[in-house]
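Data block below; observations after.
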Amino acid sequence: MSYKNIILSLLLVIVFFNFSNSVYSQVDTFKFKHFYIEFPLEPDTYGTGGFTVNDFDNDGDMDITLQRHQTGKVYWYQNVGSERWNKYEIASEIYNQLGAASIDVNNDGRFDLVMGTFWLENPGNILETPNQLWIKHIYNGALIETENHDIVAADISRDGNPEILVYSQQFNSGAGVMRWYDISDPYNWKYTDIDTFINKREMPEWNNGVHAGFAPNGIGDLNNDGWSDIVMPTGWYENPKGQFNGQWRIHRWTDYGFTIGIPKTPYGTSIRSWICDMDDDDCNDIVFTDCDVENSKLYLIRNIKGAAHFKLETLPFPEGPSGSLHSLGVADMDGDGDLDIFAGEQEDPDMEMKPKGLAEHGILWVNKGDRNNPVFDYQVIHTDNPGWHDTILRDMDGDGDIDMVTKVWNADEGIDNNPDRKWHLSYWRNDSEKTRK
């Protein structure tokens, strides 16, 4: 097994952390304590991208990367323990960014950072000299027209090594391009288009078309042929069995009797998605949220017999209006061996991101059934600011349970109309009480 494949396997273990061999029983009530990693983020303007979590200095704990939209600077935050991080600049003049993935691009044993148009090479030895600038590499076929909302690393070719999958909405052309990159030669990427003109073809009545779809984990085998497929608001794309220039067939959701995503939103139809087997029937299902628009909800698409059919279910939700559910994660949060779901409403007062006066919610949907028959009940773990944008679920403090790291895209005043709203990077430590077996 290659080094990259080992790393991907370890990441899956972290995300889908299975507590079945733990000394703890199920958590009944969750409690998270909030810490600011940085408050306020400078400057006092909207926009954060390049957000990933990994062990960049190889010291055994989780660090963070983040880019500021308006300054073009990229940082890594070194985890120094006791809920403290040290911040270091690693690149500058990096503008109009959003999506990102952290993987070992050049197979040197260190996590690098992939963003739209370029990747930043971890120079190594950053535990001793953390303030080094990282080496910037422009990759072939970069979709540079606008920010690339979705960037995910996945083994699309089933060769044991990750590829990079990118979606760019391309506002100006109205096209919408999904592209994957073969990075086996780390300094000379090859690329091919999975689909182009998605917006004009699939949603011609609304020029913004599709804003986002397969992030953070909407890549996985849906038809049980062993190859990773892709989820988008328009449908799912069938992997042509790893052929680099093969044609990806789109299976539209309308073929199964439903549609997903909210149309004609400010930025275009947008979802966050996660492929995983929620009911232990050896068929991967799809968890997704609406996002980038108010009145978003959480859904489960059950996969029937390896994509022979799909069934759309709306999961229970707190009463009243909702905001943009831009954060989505799936993991065994309560330690009972099945998968639970987290989703959070983003803190953002602009462009119909939430109804006026709404206090953002961070919500856990806990499976109260079992692995074969999931029944979800929700618990609101936090209300009002600080809100949620692209939350990442990881064990940040090494105590064996799942914590959360999140950022804000656009700060707001909250229900208290605080005029001193601040942009921030946040850590939510899982302090849930567990009972020993």
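Scheme for the structure tokens: letters A, B, ... for chains in order shown; per-chain residue numbers from 1; ligand numbers from 1 in order shown.
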
Next item on the list: Might you pull out every residue within 9 Å of Glu163 in chain A, with only C-alpha atoms counted and same-chain residues fewer than 5 positions away left off, and present them as a PyMOL selection string?
Entry: chain A and resi 152-157+180-184

I'd like a table as a tab-separated table: residues in range 247-302 of chain A with an atom no more than 9 Å from range 333-345 of chain A, each row giving the shortest atom pair and its distance in Å to one decimal, only C-alpha atoms counted, sorted by chain and rising residue number.
residue	atom	partner	partner_atom	distance
A:Cys276	CA	A:Leu339	CA	8.9
A:Asp277	CA	A:Leu339	CA	8.6
A:Met278	CA	A:Leu339	CA	6.4
A:Asp279	CA	A:Asp338	CA	8.6
A:Asp280	CA	A:Asp338	CA	8.8
A:Val287	CA	A:Ile341	CA	8.4
A:Thr289	CA	A:Ala343	CA	7.9
A:Cys291	CA	A:Glu345	CA	8.5
A:Ser296	CA	A:Glu345	CA	8.6
A:Leu298	CA	A:Ala343	CA	7.9

Can I get the selection written as a PDB file, in the first residue's frame, with all heavy atoms?
ATOM      1  N   CYS A 276     -21.942   7.878   2.385  1.00  0.00           N
ATOM      2  CA  CYS A 276     -21.596   6.883   3.396  1.00  0.00           C
ATOM      3  C   CYS A 276     -22.785   5.924   3.537  1.00  0.00           C
ATOM      4  O   CYS A 276     -23.902   6.238   3.141  1.00  0.00           O
ATOM      5  CB  CYS A 276     -21.282   7.538   4.745  1.00  0.00           C
ATOM      6  SG  CYS A 276     -22.571   8.654   5.321  1.00  0.00           S
ATOM      7  N   ASP A 277     -22.529   4.777   4.107  1.00  0.00           N
ATOM      8  CA  ASP A 277     -23.574   3.774   4.317  1.00  0.00           C
ATOM      9  C   ASP A 277     -24.240   4.036   5.664  1.00  0.00           C
ATOM     10  O   ASP A 277     -23.729   3.655   6.708  1.00  0.00           O
ATOM     11  CB  ASP A 277     -22.970   2.371   4.269  1.00  0.00           C
ATOM     12  CG  ASP A 277     -24.025   1.272   4.317  1.00  0.00           C
ATOM     13  OD1 ASP A 277     -25.222   1.603   4.399  1.00  0.00           O
ATOM     14  OD2 ASP A 277     -23.638   0.089   4.280  1.00  0.00           O
ATOM     15  N   MET A 278     -25.400   4.669   5.651  1.00  0.00           N
ATOM     16  CA  MET A 278     -26.073   5.057   6.882  1.00  0.00           C
ATOM     17  C   MET A 278     -26.883   3.928   7.503  1.00  0.00           C
ATOM     18  O   MET A 278     -27.172   3.953   8.698  1.00  0.00           O
ATOM     19  CB  MET A 278     -26.997   6.250   6.624  1.00  0.00           C
ATOM     20  CG  MET A 278     -26.280   7.529   6.212  1.00  0.00           C
ATOM     21  SD  MET A 278     -25.126   8.172   7.454  1.00  0.00           S
ATOM     22  CE  MET A 278     -26.267   8.635   8.765  1.00  0.00           C
ATOM     23  N   ASP A 279     -27.280   2.924   6.712  1.00  0.00           N
ATOM     24  CA  ASP A 279     -28.148   1.870   7.239  1.00  0.00           C
ATOM     25  C   ASP A 279     -27.529   0.480   7.145  1.00  0.00           C
ATOM     26  O   ASP A 279     -28.224  -0.534   7.286  1.00  0.00           O
ATOM     27  CB  ASP A 279     -29.509   1.891   6.548  1.00  0.00           C
ATOM     28  CG  ASP A 279     -29.399   1.881   5.028  1.00  0.00           C
ATOM     29  OD1 ASP A 279     -28.280   1.652   4.502  1.00  0.00           O
ATOM     30  OD2 ASP A 279     -30.421   2.113   4.368  1.00  0.00           O
ATOM     31  N   ASP A 280     -26.217   0.416   6.908  1.00  0.00           N
ATOM     32  CA  ASP A 280     -25.460  -0.831   6.979  1.00  0.00           C
ATOM     33  C   ASP A 280     -26.012  -1.925   6.060  1.00  0.00           C
ATOM     34  O   ASP A 280     -26.057  -3.100   6.415  1.00  0.00           O
ATOM     35  CB  ASP A 280     -25.433  -1.344   8.429  1.00  0.00           C
ATOM     36  CG  ASP A 280     -24.238  -2.259   8.688  1.00  0.00           C
ATOM     37  OD1 ASP A 280     -23.208  -2.077   8.020  1.00  0.00           O
ATOM     38  OD2 ASP A 280     -24.344  -3.153   9.552  1.00  0.00           O
ATOM     39  N   VAL A 287     -26.041  11.840   2.425  1.00  0.00           N
ATOM     40  CA  VAL A 287     -26.537  12.859   3.339  1.00  0.00           C
ATOM     41  C   VAL A 287     -26.222  14.208   2.704  1.00  0.00           C
ATOM     42  O   VAL A 287     -25.117  14.411   2.207  1.00  0.00           O
ATOM     43  CB  VAL A 287     -25.867  12.752   4.721  1.00  0.00           C
ATOM     44  CG1 VAL A 287     -26.373  13.853   5.650  1.00  0.00           C
ATOM     45  CG2 VAL A 287     -26.125  11.377   5.333  1.00  0.00           C
ATOM     46  N   THR A 289     -27.233  18.731   2.728  1.00  0.00           N
ATOM     47  CA  THR A 289     -27.970  19.907   3.168  1.00  0.00           C
ATOM     48  C   THR A 289     -28.096  20.878   2.003  1.00  0.00           C
ATOM     49  O   THR A 289     -27.246  20.915   1.110  1.00  0.00           O
ATOM     50  CB  THR A 289     -27.251  20.651   4.311  1.00  0.00           C
ATOM     51  OG1 THR A 289     -25.990  21.136   3.827  1.00  0.00           O
ATOM     52  CG2 THR A 289     -27.042  19.760   5.519  1.00  0.00           C
ATOM     53  N   CYS A 291     -27.619  24.738   1.065  1.00  0.00           N
ATOM     54  CA  CYS A 291     -26.741  25.751   1.664  1.00  0.00           C
ATOM     55  C   CYS A 291     -26.670  26.973   0.777  1.00  0.00           C
ATOM     56  O   CYS A 291     -27.197  26.981  -0.347  1.00  0.00           O
ATOM     57  CB  CYS A 291     -25.351  25.191   1.945  1.00  0.00           C
ATOM     58  SG  CYS A 291     -24.308  24.924   0.511  1.00  0.00           S
ATOM     59  N   SER A 296     -32.677  26.422   4.532  1.00  0.00           N
ATOM     60  CA  SER A 296     -32.026  25.155   4.194  1.00  0.00           C
ATOM     61  C   SER A 296     -32.477  24.067   5.154  1.00  0.00           C
ATOM     62  O   SER A 296     -32.830  24.328   6.300  1.00  0.00           O
ATOM     63  CB  SER A 296     -30.506  25.316   4.261  1.00  0.00           C
ATOM     64  OG  SER A 296     -30.042  26.226   3.291  1.00  0.00           O
ATOM     65  N   LEU A 298     -31.959  19.466   6.097  1.00  0.00           N
ATOM     66  CA  LEU A 298     -31.088  18.295   6.041  1.00  0.00           C
ATOM     67  C   LEU A 298     -31.855  17.112   5.472  1.00  0.00           C
ATOM     68  O   LEU A 298     -33.019  16.881   5.839  1.00  0.00           O
ATOM     69  CB  LEU A 298     -30.573  17.951   7.441  1.00  0.00           C
ATOM     70  CG  LEU A 298     -29.756  16.676   7.589  1.00  0.00           C
ATOM     71  CD1 LEU A 298     -28.399  16.810   6.908  1.00  0.00           C
ATOM     72  CD2 LEU A 298     -29.565  16.321   9.062  1.00  0.00           C
TER      73      LEU A 298
END

Notebook entry, point to check: Mind pulling up the distance from CA of Ile64 in chain A to CA of Tyr77 in chain A?
Noted result: 5.0 Å

Check: Out of range 225-395 of chain A, which residues get helix (DSSP H, G or I) from DSSP, as a PyMOL selection string?
Finding: chain A and resi 253-256

Next item on the list: Can you pull out every residue within 10 Å of Ile304 in chain A, counting only C-alpha atoms, but drop anything in the same chain fewer than 5 positions away, and send it as an MDAnalysis selection string?
Entry: chainID A and resid 222:223 281:285 309:311

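Between CA of Gly47 in chain A and CA of Pro386 in chain A there is a distance of 15.4 Å.
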
Checklist line | Within 8 Å of range 413-419 of chain A using only C-alpha atoms, minus same-chain residues under 4 positions, as a PyMOL selection string | finding: chain A and resi 357-359+384-385

I need the chosen residues saved as a PDB file, in the first residue's frame, with C-alpha atoms.
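Saved as result18.pdb:
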ATOM      1  CA  GLY A 357     -33.368  37.983  13.383  1.00  0.00           C
ATOM      2  CA  LEU A 358     -32.538  34.262  13.203  1.00  0.00           C
ATOM      3  CA  ALA A 359     -30.007  32.982  15.739  1.00  0.00           C
ATOM      4  CA  ASP A 384     -26.537  32.345  18.011  1.00  0.00           C
ATOM      5  CA  ASN A 385     -23.005  33.547  17.301  1.00  0.00           C
TER       6      ASN A 385
END
